[in-house]
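Shown here: model-v2.cif, mmCIF, C-alpha atoms.
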data_upload
#
loop_
_atom_site.label_atom_id
_atom_site.label_comp_id
_atom_site.auth_asym_id
_atom_site.auth_seq_id
_atom_site.Cartn_x
_atom_site.Cartn_y
_atom_site.Cartn_z
CA MET A 20 -13.43 99.25 166.37
CA LYS A 21 -15.45 96.29 165.23
CA SER A 22 -17.56 98.49 162.99
CA TRP A 23 -14.43 99.66 161.19
CA HIS A 24 -13.34 96.09 160.45
CA ARG A 25 -16.80 95.26 159.19
CA CYS A 26 -16.74 98.16 156.76
CA VAL A 27 -13.40 97.08 155.28
CA ALA A 28 -14.55 93.47 154.93
CA GLY A 29 -17.73 94.54 153.19
CA THR A 30 -15.83 96.69 150.74
CA ILE A 31 -13.44 93.88 149.78
CA LEU A 32 -16.35 91.41 149.38
CA SER A 33 -18.27 93.72 147.09
CA ALA A 34 -15.14 94.25 144.92
CA LEU A 35 -14.68 90.53 144.51
CA LEU A 36 -18.31 90.07 143.46
CA LEU A 37 -18.16 92.84 140.84
CA LEU A 38 -14.91 91.63 139.21
CA PRO A 39 -16.30 88.54 137.40
CA ALA A 40 -19.26 90.57 136.15
CA ALA A 41 -16.92 93.11 134.54
CA GLN A 42 -14.77 90.44 132.82
CA SER A 43 -17.62 88.32 131.34
CA PRO A 44 -18.68 90.69 128.47
CA ALA A 45 -15.13 90.88 127.20
CA GLN A 46 -14.90 87.10 127.06
CA THR A 47 -18.27 86.56 125.27
CA SER A 48 -17.91 89.37 122.70
CA PRO A 49 -16.43 88.33 119.34
CA ALA A 50 -12.81 89.36 118.82
CA THR A 51 -12.37 92.02 116.26
CA PRO A 52 -9.31 91.48 114.02
CA ALA A 53 -6.54 93.87 114.76
CA PRO A 54 -5.24 95.91 111.86
CA PRO A 55 -2.00 94.52 110.35
CA ILE A 56 1.11 96.16 111.66
CA VAL A 57 3.37 97.31 108.85
CA SER A 58 6.93 96.99 110.01
CA ALA A 59 9.75 99.04 108.64
CA PRO A 60 12.28 97.25 106.41
CA GLU A 61 14.67 95.37 108.61
CA THR A 62 18.12 96.84 108.50
CA VAL A 63 19.77 94.35 110.77
CA PRO A 64 21.66 91.80 108.64
CA SER A 65 20.57 88.19 108.90
CA ARG A 66 22.81 85.82 110.76
CA SER A 67 22.59 83.15 108.07
CA ALA A 68 23.68 85.32 105.11
CA PRO A 69 27.32 86.57 105.02
CA THR A 70 27.80 90.28 105.17
CA GLU A 71 29.44 91.94 102.16
CA PRO A 72 31.89 94.82 102.70
CA ALA A 73 30.64 98.15 101.65
CA PRO A 74 32.32 99.51 98.49
CA PRO A 75 35.01 102.10 99.24
CA ALA A 76 34.11 105.66 98.73
CA PRO A 77 35.58 107.17 95.56
CA GLU A 78 38.71 109.12 96.24
CA ALA A 79 38.87 112.70 95.24
CA PRO A 80 41.32 113.42 92.39
CA ALA A 81 44.66 114.73 93.56
CA VAL A 82 45.19 118.38 92.95
CA ARG A 83 48.33 119.00 90.88
CA PRO A 84 50.35 122.17 91.27
CA LEU A 85 49.95 124.78 88.63
CA GLY A 86 52.22 124.22 85.65
CA GLU A 87 52.87 120.53 86.31
CA SER A 88 52.36 118.28 83.31
CA THR A 89 49.58 115.72 83.60
CA LEU A 90 51.08 113.45 80.95
CA ALA A 91 52.73 110.33 82.35
CA ALA A 92 56.37 109.81 81.34
CA PRO A 93 56.91 106.77 79.14
CA SER A 94 58.49 103.78 80.79
CA VAL A 95 62.22 103.56 80.11
CA ARG A 96 64.46 100.65 81.05
CA GLN A 97 66.92 101.68 83.71
CA PRO A 98 69.59 99.72 85.54
CA HIS A 99 68.87 98.66 89.08
CA ASP A 100 71.73 100.83 90.33
CA LEU A 101 74.55 102.96 88.97
CA SER A 102 77.42 100.73 90.04
CA PRO A 103 80.20 100.23 87.45
CA TRP A 104 79.22 96.60 86.82
CA SER A 105 75.53 97.46 86.28
CA MET A 106 76.44 100.30 83.93
CA PHE A 107 78.73 97.95 81.99
CA LEU A 108 75.93 95.39 81.58
CA ALA A 109 73.48 98.07 80.45
CA ALA A 110 75.89 99.70 77.96
CA ASP A 111 75.84 99.34 74.17
CA ILE A 112 77.82 96.51 72.54
CA VAL A 113 80.37 98.95 71.06
CA VAL A 114 80.92 100.59 74.43
CA LYS A 115 81.31 97.15 76.01
CA VAL A 116 84.02 96.23 73.47
CA VAL A 117 85.85 99.49 74.24
CA MET A 118 85.68 98.85 77.99
CA VAL A 119 86.91 95.27 77.66
CA SER A 120 89.83 96.31 75.44
CA LEU A 121 90.84 99.04 77.89
CA ALA A 122 90.62 96.61 80.80
CA PHE A 123 92.85 94.18 78.89
CA ALA A 124 95.33 97.00 78.18
CA SER A 125 95.42 97.81 81.89
CA LEU A 126 96.11 94.14 82.66
CA VAL A 127 98.99 94.14 80.15
CA THR A 128 100.40 97.29 81.76
CA TRP A 129 100.56 95.76 85.22
CA THR A 130 101.94 92.48 83.86
CA ILE A 131 104.81 94.36 82.19
CA PHE A 132 105.35 96.34 85.38
CA PHE A 133 105.88 93.28 87.57
CA ALA A 134 107.93 91.41 84.95
CA LYS A 135 110.24 94.35 84.17
CA THR A 136 110.67 95.17 87.85
CA LEU A 137 111.95 91.67 88.54
CA GLN A 138 114.15 91.68 85.44
CA LEU A 139 115.78 95.05 86.08
CA SER A 140 116.31 94.55 89.81
CA HIS A 141 117.80 91.08 89.30
CA ALA A 142 120.11 92.16 86.46
CA GLN A 143 121.27 95.29 88.28
CA THR A 144 121.99 93.38 91.47
CA ARG A 145 124.06 90.73 89.65
CA LEU A 146 126.00 93.34 87.68
CA ARG A 147 126.80 95.34 90.81
CA ARG A 148 128.11 92.22 92.55
CA ALA A 149 130.19 91.28 89.46
CA LEU A 150 131.81 94.71 89.44
CA ALA A 151 132.74 94.22 93.08
CA ARG A 152 134.35 90.83 92.29
CA ILE A 153 136.64 92.14 89.54
CA ALA A 154 137.57 95.31 91.38
CA GLU A 155 140.84 93.71 92.57
CA ALA A 156 141.56 91.71 89.38
CA ARG A 157 144.81 92.61 87.59
CA THR A 158 144.29 90.73 84.31
CA LEU A 159 141.44 89.59 82.12
CA ALA A 160 142.19 85.99 83.05
CA GLU A 161 141.67 86.74 86.74
CA ALA A 162 138.45 88.60 85.97
CA GLN A 163 137.15 85.68 83.91
CA LYS A 164 137.97 83.28 86.70
CA ALA A 165 136.17 85.48 89.25
CA LEU A 166 133.07 85.72 87.06
CA GLN A 167 132.92 82.10 86.00
CA GLY A 168 129.46 80.60 86.41
CA ARG A 169 127.72 84.00 86.76
CA PRO A 170 126.25 85.08 83.41
CA THR A 171 126.09 88.88 83.42
CA ALA A 172 126.81 91.69 81.02
CA LEU A 173 130.26 92.02 82.59
CA THR A 174 130.99 88.36 81.82
CA ALA A 175 130.11 88.99 78.18
CA LEU A 176 132.46 92.02 78.09
CA VAL A 177 135.40 90.03 79.48
CA ARG A 178 134.81 87.21 76.99
CA ALA A 179 134.60 89.68 74.11
CA ALA A 180 137.97 91.23 75.06
CA LEU A 181 139.70 87.85 75.34
CA HIS A 182 138.11 86.73 72.06
CA GLU A 183 139.40 89.83 70.28
CA ILE A 184 142.93 89.24 71.59
CA ARG A 185 142.85 85.69 70.30
CA LEU A 186 141.55 86.72 66.87
CA SER A 187 143.98 89.63 66.46
CA GLY A 188 147.11 87.49 66.66
CA GLU A 189 150.65 88.37 67.59
CA GLY A 190 151.28 91.05 64.99
CA ALA A 191 148.27 93.24 65.82
CA SER A 192 148.86 96.65 67.34
CA ASN A 193 147.59 97.57 70.76
CA ALA A 194 145.55 100.47 69.38
CA GLY A 195 143.80 98.18 66.89
CA ILE A 196 142.92 95.64 69.57
CA LYS A 197 141.54 98.36 71.84
CA GLU A 198 139.47 99.86 69.04
CA ARG A 199 137.96 96.54 68.01
CA SER A 200 137.29 95.60 71.62
CA ALA A 201 135.52 98.95 72.19
CA SER A 202 133.32 98.17 69.18
CA ARG A 203 132.40 94.84 70.73
CA PHE A 204 131.67 96.56 74.04
CA THR A 205 129.32 98.98 72.31
CA GLU A 206 127.42 96.11 70.69
CA ILE A 207 127.03 94.35 74.03
CA SER A 208 125.79 97.55 75.68
CA ARG A 209 123.21 98.07 72.93
CA ALA A 210 122.03 94.48 73.27
CA GLU A 211 121.57 94.98 77.01
CA ALA A 212 119.64 98.19 76.38
CA ARG A 213 117.32 96.45 73.91
CA SER A 214 116.75 93.64 76.40
CA MET A 215 115.89 96.00 79.24
CA ARG A 216 113.66 98.21 77.08
CA SER A 217 111.58 95.35 75.76
CA GLY A 218 107.90 95.97 76.51
CA MET A 219 108.31 99.69 77.04
CA ALA A 220 106.97 100.42 73.57
CA ILE A 221 103.73 98.71 74.58
CA LEU A 222 103.53 100.91 77.67
CA ALA A 223 104.03 104.01 75.55
CA THR A 224 101.31 102.92 73.12
CA ILE A 225 98.83 102.20 75.91
CA GLY A 226 99.56 105.50 77.63
CA ALA A 227 99.15 107.49 74.42
CA THR A 228 96.05 105.81 72.93
CA SER A 229 93.92 104.70 75.91
CA PRO A 230 92.37 108.14 76.59
CA PHE A 231 91.31 108.46 72.95
CA VAL A 232 89.87 104.94 72.86
CA GLY A 233 87.89 105.71 75.99
CA LEU A 234 86.73 109.00 74.47
CA PHE A 235 85.48 107.12 71.41
CA GLY A 236 83.39 104.86 73.66
CA THR A 237 82.02 107.92 75.47
CA VAL A 238 81.01 109.67 72.25
CA TRP A 239 79.32 106.53 70.97
CA GLY A 240 77.46 106.01 74.23
CA ILE A 241 76.25 109.63 74.38
CA MET A 242 74.99 109.39 70.82
CA ASN A 243 72.93 106.32 71.71
CA SER A 244 71.72 108.05 74.88
CA PHE A 245 70.46 111.06 72.91
CA ILE A 246 68.73 108.78 70.44
CA GLY A 247 66.97 107.01 73.32
CA ILE A 248 65.94 110.36 74.81
CA SER A 249 64.42 111.48 71.52
CA LYS A 250 62.45 108.24 71.26
CA ALA A 251 61.22 108.53 74.86
CA GLN A 252 60.26 112.18 74.27
CA THR A 253 61.26 113.20 77.77
CA THR A 254 64.08 115.16 79.38
CA ASN A 255 63.62 113.74 82.86
CA LEU A 256 66.95 113.50 84.67
CA ALA A 257 66.17 109.96 85.81
CA VAL A 258 65.96 108.94 82.13
CA VAL A 259 68.95 110.94 80.87
CA ALA A 260 71.48 110.27 83.66
CA PRO A 261 71.98 106.47 83.33
CA GLY A 262 72.89 106.60 79.63
CA ILE A 263 75.36 109.44 80.08
CA ALA A 264 76.91 107.72 83.11
CA GLU A 265 77.41 104.53 81.08
CA ALA A 266 79.12 106.54 78.34
CA LEU A 267 81.42 108.38 80.74
CA LEU A 268 82.47 105.07 82.27
CA ALA A 269 84.42 104.31 79.09
CA THR A 270 86.48 107.49 79.49
CA ALA A 271 87.10 106.65 83.15
CA ILE A 272 88.43 103.19 82.25
CA GLY A 273 90.60 104.74 79.53
CA LEU A 274 92.20 107.07 82.08
CA VAL A 275 92.65 104.19 84.51
CA ALA A 276 94.58 102.33 81.81
CA ALA A 277 96.57 105.34 80.51
CA ILE A 278 97.75 107.04 83.70
CA PRO A 279 99.56 104.00 85.22
CA ALA A 280 101.05 103.18 81.81
CA VAL A 281 102.64 106.63 81.52
CA ILE A 282 103.93 106.54 85.10
CA ILE A 283 105.36 103.03 84.70
CA TYR A 284 106.99 103.97 81.38
CA ASN A 285 108.78 106.92 82.98
CA HIS A 286 109.85 104.75 85.92
CA PHE A 287 111.37 102.11 83.67
CA SER A 288 113.10 104.76 81.55
CA ARG A 289 114.96 105.94 84.63
CA ALA A 290 115.64 102.38 85.83
CA THR A 291 117.01 101.37 82.42
CA LYS A 292 119.34 104.35 82.36
CA ALA A 293 120.64 103.41 85.79
CA TYR A 294 121.28 99.85 84.64
CA LEU A 295 123.05 101.02 81.47
CA GLU A 296 125.29 103.17 83.64
CA TYR A 297 126.41 100.00 85.44
CA VAL A 298 127.02 98.39 82.04
CA GLY A 299 129.13 101.40 81.06
CA ARG A 300 131.12 101.05 84.26
CA GLY A 301 131.70 97.38 83.45
CA SER A 302 132.82 98.28 79.94
CA GLY A 303 135.33 100.75 81.34
CA ALA A 304 136.63 98.23 83.88
CA VAL A 305 137.19 95.58 81.21
CA GLY A 306 138.83 98.15 78.96
CA ARG A 307 141.31 99.01 81.69
CA LEU A 308 142.12 95.34 82.26
CA LEU A 309 142.67 94.92 78.52
CA SER A 310 145.01 97.91 78.43
CA ARG A 311 147.05 96.52 81.34
CA ASP A 312 147.42 93.17 79.64
CA LEU A 313 148.60 94.83 76.44
CA ASP A 314 151.08 97.03 78.30
CA ARG A 315 152.64 94.17 80.29
CA SER A 316 153.84 92.24 77.35
CA ARG A 317 153.92 93.00 73.68
CA GLU A 318 153.55 89.34 72.89
CA ARG A 319 150.66 88.92 75.43
CA PRO A 320 151.45 85.34 76.46
CA VAL A 321 149.20 85.34 79.49
CA SER A 322 146.20 86.79 77.70
CA ARG A 323 146.65 84.50 74.70
CA ALA A 324 146.79 81.46 76.92
CA ALA A 325 143.67 82.53 78.77
CA ALA A 326 141.84 83.21 75.51
CA GLU A 327 142.73 79.77 74.14
#
Same coordinates, now as structure tokens:
Amino acid sequence: MKSWHRCVAGTILSALLLLPAAQSPAQTSPATPAPPIVSAPETVPSRSAPTEPAPPAPEAPAVRPLGESTLAAPSVRQPHDLSPWSMFLAADIVVKVVMVSLAFASLVTWTIFFAKTLQLSHAQTRLRRALARIAEARTLAEAQKALQGRPTALTALVRAALHEIRLSGEGASNAGIKERSASRFTEISRAEARSMRSGMAILATIGATSPFVGLFGTVWGIMNSFIGISKAQTTNLAVVAPGIAEALLATAIGLVAAIPAVIIYNHFSRATKAYLEYVGRGSGAVGRLLSRDLDRSRERPVSRAAAE
């Protein structure tokens, strides 16, 4: 056992003695320069210098379908939208004048409508009430008293009959007085008809001419649209449609002005006829009162006193 330990100790001691002898030649020999190491170019970016983005790769040209034109359409001014106001602002000056005139004609139509409606309804209501008041009158004097302070067509008829009695005198025949009074009644009826038909000629003119005025604006606008298309040298629908829509707007406004005018004209024609029928009834009622006064007394004392 002791011999084994001695062998191990001797081996370790001999190794320690040989180690400095092996390292001494390497320390005393001159160092030979090592060959320079050529390093590859550094690809890692430096921290001090900012990195630049790589240029984008060129895009491949888009493939167009066969038969599609490669020429770009020329830029054409178009309205932002196709609303009526935008089309009006983008229209030609002549088309704008046509549209404004048609809009003014439509305004006149509705003004006449409201004014004539009030006039006819008010006059017809007063005349109907006046006829009811004199329904039980026996003489012209009673009728005048019942209608006093209410100016209507019937009041004018009663005054005309009394005025004719006063002007005819005592020696006038009953037939002559009735004939002259009927003539006065006819004049009053015509005056009422002229008063109620005032403004209807304007309605007839607007209803007859507005479509043609609008058509003129449309033709003018389409002409300018075709001229613009020829200058743009394109038939693209996005270029053609706005100009044609602006032109057709004039015809639309013309119809908007004409159709109500025709309807309102026909309405007032019927309303005027109904009012004139009431005037005719009033004329007949006054004529009957006049005939009764003439039949009661040949000298007509009551009627003459009322007329004076």
Explicit residues for the PyMOL selection byres ((chain A and resi 301-303) around 12) (as a PDB file with C-alpha atoms, in the frame of the given file):
ATOM      1  CA  GLN A 143     121.270  95.290  88.280  1.00  0.00           C
ATOM      2  CA  ARG A 145     124.060  90.730  89.650  1.00  0.00           C
ATOM      3  CA  LEU A 146     126.000  93.340  87.680  1.00  0.00           C
ATOM      4  CA  ARG A 147     126.800  95.340  90.810  1.00  0.00           C
ATOM      5  CA  ARG A 148     128.110  92.220  92.550  1.00  0.00           C
ATOM      6  CA  ALA A 149     130.190  91.280  89.460  1.00  0.00           C
ATOM      7  CA  LEU A 150     131.810  94.710  89.440  1.00  0.00           C
ATOM      8  CA  ALA A 151     132.740  94.220  93.080  1.00  0.00           C
ATOM      9  CA  ARG A 152     134.350  90.830  92.290  1.00  0.00           C
ATOM     10  CA  ILE A 153     136.640  92.140  89.540  1.00  0.00           C
ATOM     11  CA  ALA A 154     137.570  95.310  91.380  1.00  0.00           C
ATOM     12  CA  ALA A 162     138.450  88.600  85.970  1.00  0.00           C
ATOM     13  CA  THR A 171     126.090  88.880  83.420  1.00  0.00           C
ATOM     14  CA  ALA A 172     126.810  91.690  81.020  1.00  0.00           C
ATOM     15  CA  LEU A 173     130.260  92.020  82.590  1.00  0.00           C
ATOM     16  CA  THR A 174     130.990  88.360  81.820  1.00  0.00           C
ATOM     17  CA  ALA A 175     130.110  88.990  78.180  1.00  0.00           C
ATOM     18  CA  LEU A 176     132.460  92.020  78.090  1.00  0.00           C
ATOM     19  CA  VAL A 177     135.400  90.030  79.480  1.00  0.00           C
ATOM     20  CA  ARG A 178     134.810  87.210  76.990  1.00  0.00           C
ATOM     21  CA  ALA A 179     134.600  89.680  74.110  1.00  0.00           C
ATOM     22  CA  ALA A 180     137.970  91.230  75.060  1.00  0.00           C
ATOM     23  CA  LYS A 197     141.540  98.360  71.840  1.00  0.00           C
ATOM     24  CA  SER A 200     137.290  95.600  71.620  1.00  0.00           C
ATOM     25  CA  ALA A 201     135.520  98.950  72.190  1.00  0.00           C
ATOM     26  CA  SER A 202     133.320  98.170  69.180  1.00  0.00           C
ATOM     27  CA  ARG A 203     132.400  94.840  70.730  1.00  0.00           C
ATOM     28  CA  PHE A 204     131.670  96.560  74.040  1.00  0.00           C
ATOM     29  CA  THR A 205     129.320  98.980  72.310  1.00  0.00           C
ATOM     30  CA  GLU A 206     127.420  96.110  70.690  1.00  0.00           C
ATOM     31  CA  ILE A 207     127.030  94.350  74.030  1.00  0.00           C
ATOM     32  CA  SER A 208     125.790  97.550  75.680  1.00  0.00           C
ATOM     33  CA  ARG A 209     123.210  98.070  72.930  1.00  0.00           C
ATOM     34  CA  TYR A 294     121.280  99.850  84.640  1.00  0.00           C
ATOM     35  CA  LEU A 295     123.050 101.020  81.470  1.00  0.00           C
ATOM     36  CA  GLU A 296     125.290 103.170  83.640  1.00  0.00           C
ATOM     37  CA  TYR A 297     126.410 100.000  85.440  1.00  0.00           C
ATOM     38  CA  VAL A 298     127.020  98.390  82.040  1.00  0.00           C
ATOM     39  CA  GLY A 299     129.130 101.400  81.060  1.00  0.00           C
ATOM     40  CA  ARG A 300     131.120 101.050  84.260  1.00  0.00           C
ATOM     41  CA  ALA A 304     136.630  98.230  83.880  1.00  0.00           C
ATOM     42  CA  VAL A 305     137.190  95.580  81.210  1.00  0.00           C
ATOM     43  CA  GLY A 306     138.830  98.150  78.960  1.00  0.00           C
ATOM     44  CA  ARG A 307     141.310  99.010  81.690  1.00  0.00           C
ATOM     45  CA  LEU A 308     142.120  95.340  82.260  1.00  0.00           C
ATOM     46  CA  LEU A 309     142.670  94.920  78.520  1.00  0.00           C
ATOM     47  CA  SER A 310     145.010  97.910  78.430  1.00  0.00           C
TER      48      SER A 310
END
Run the PyMOL selection byres ((chain A and resi 235-239) around 12) mentally over the shown coordinates, then write out the matched residues as number ranges by chain, using the chain letters and numbers from the document. A: 107, 110-121, 228-234, 240-246, 262-273
Work out how far apart CA of Ser192 (chain A) and CA of Glu155 (chain A) are and give it in Å to one decimal. 26.6 Å
Protein/DNA/RNA residues near (105.1, 97.5, 80.7), cut 9 Å, only C-alpha atoms, as number ranges by chain: A: 127-135, 217-223, 280, 283-284, 287
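Atom pair CA of Arg199 (chain A) / CA of His182 (chain A) has a distance of 10.6 Å (rounded to one decimal).
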Which of these residues is nearest to Thr224 (chain A), using all atoms listed in the file: A:Thr136, A:Thr291, A:Ser125, A:Gln163?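 Comparing A:Thr136, A:Thr291, A:Ser125, A:Gln163 against Thr224 (chain A), the winner is A:Ser125.
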Interatomic distance (Å, one decimal) between CA of Thr158 (chain A) and CA of Glu183 (chain A): 14.9 Å
Rank nothing, just name the residue among A:Pro261, A:Gly188, A:Gly226, A:Gly247 nearest to Ala277 (chain A), using all atoms listed in the file.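 That would be A:Gly226, the residue with the smallest distance to Ala277 (chain A).
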Pick from A:Ser105, A:Leu313, A:Arg169, A:Ala276: nearest to Gly195 (chain A), with only C-alpha atoms counted?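 Closest residue, counting only C-alpha atoms: A:Leu313.
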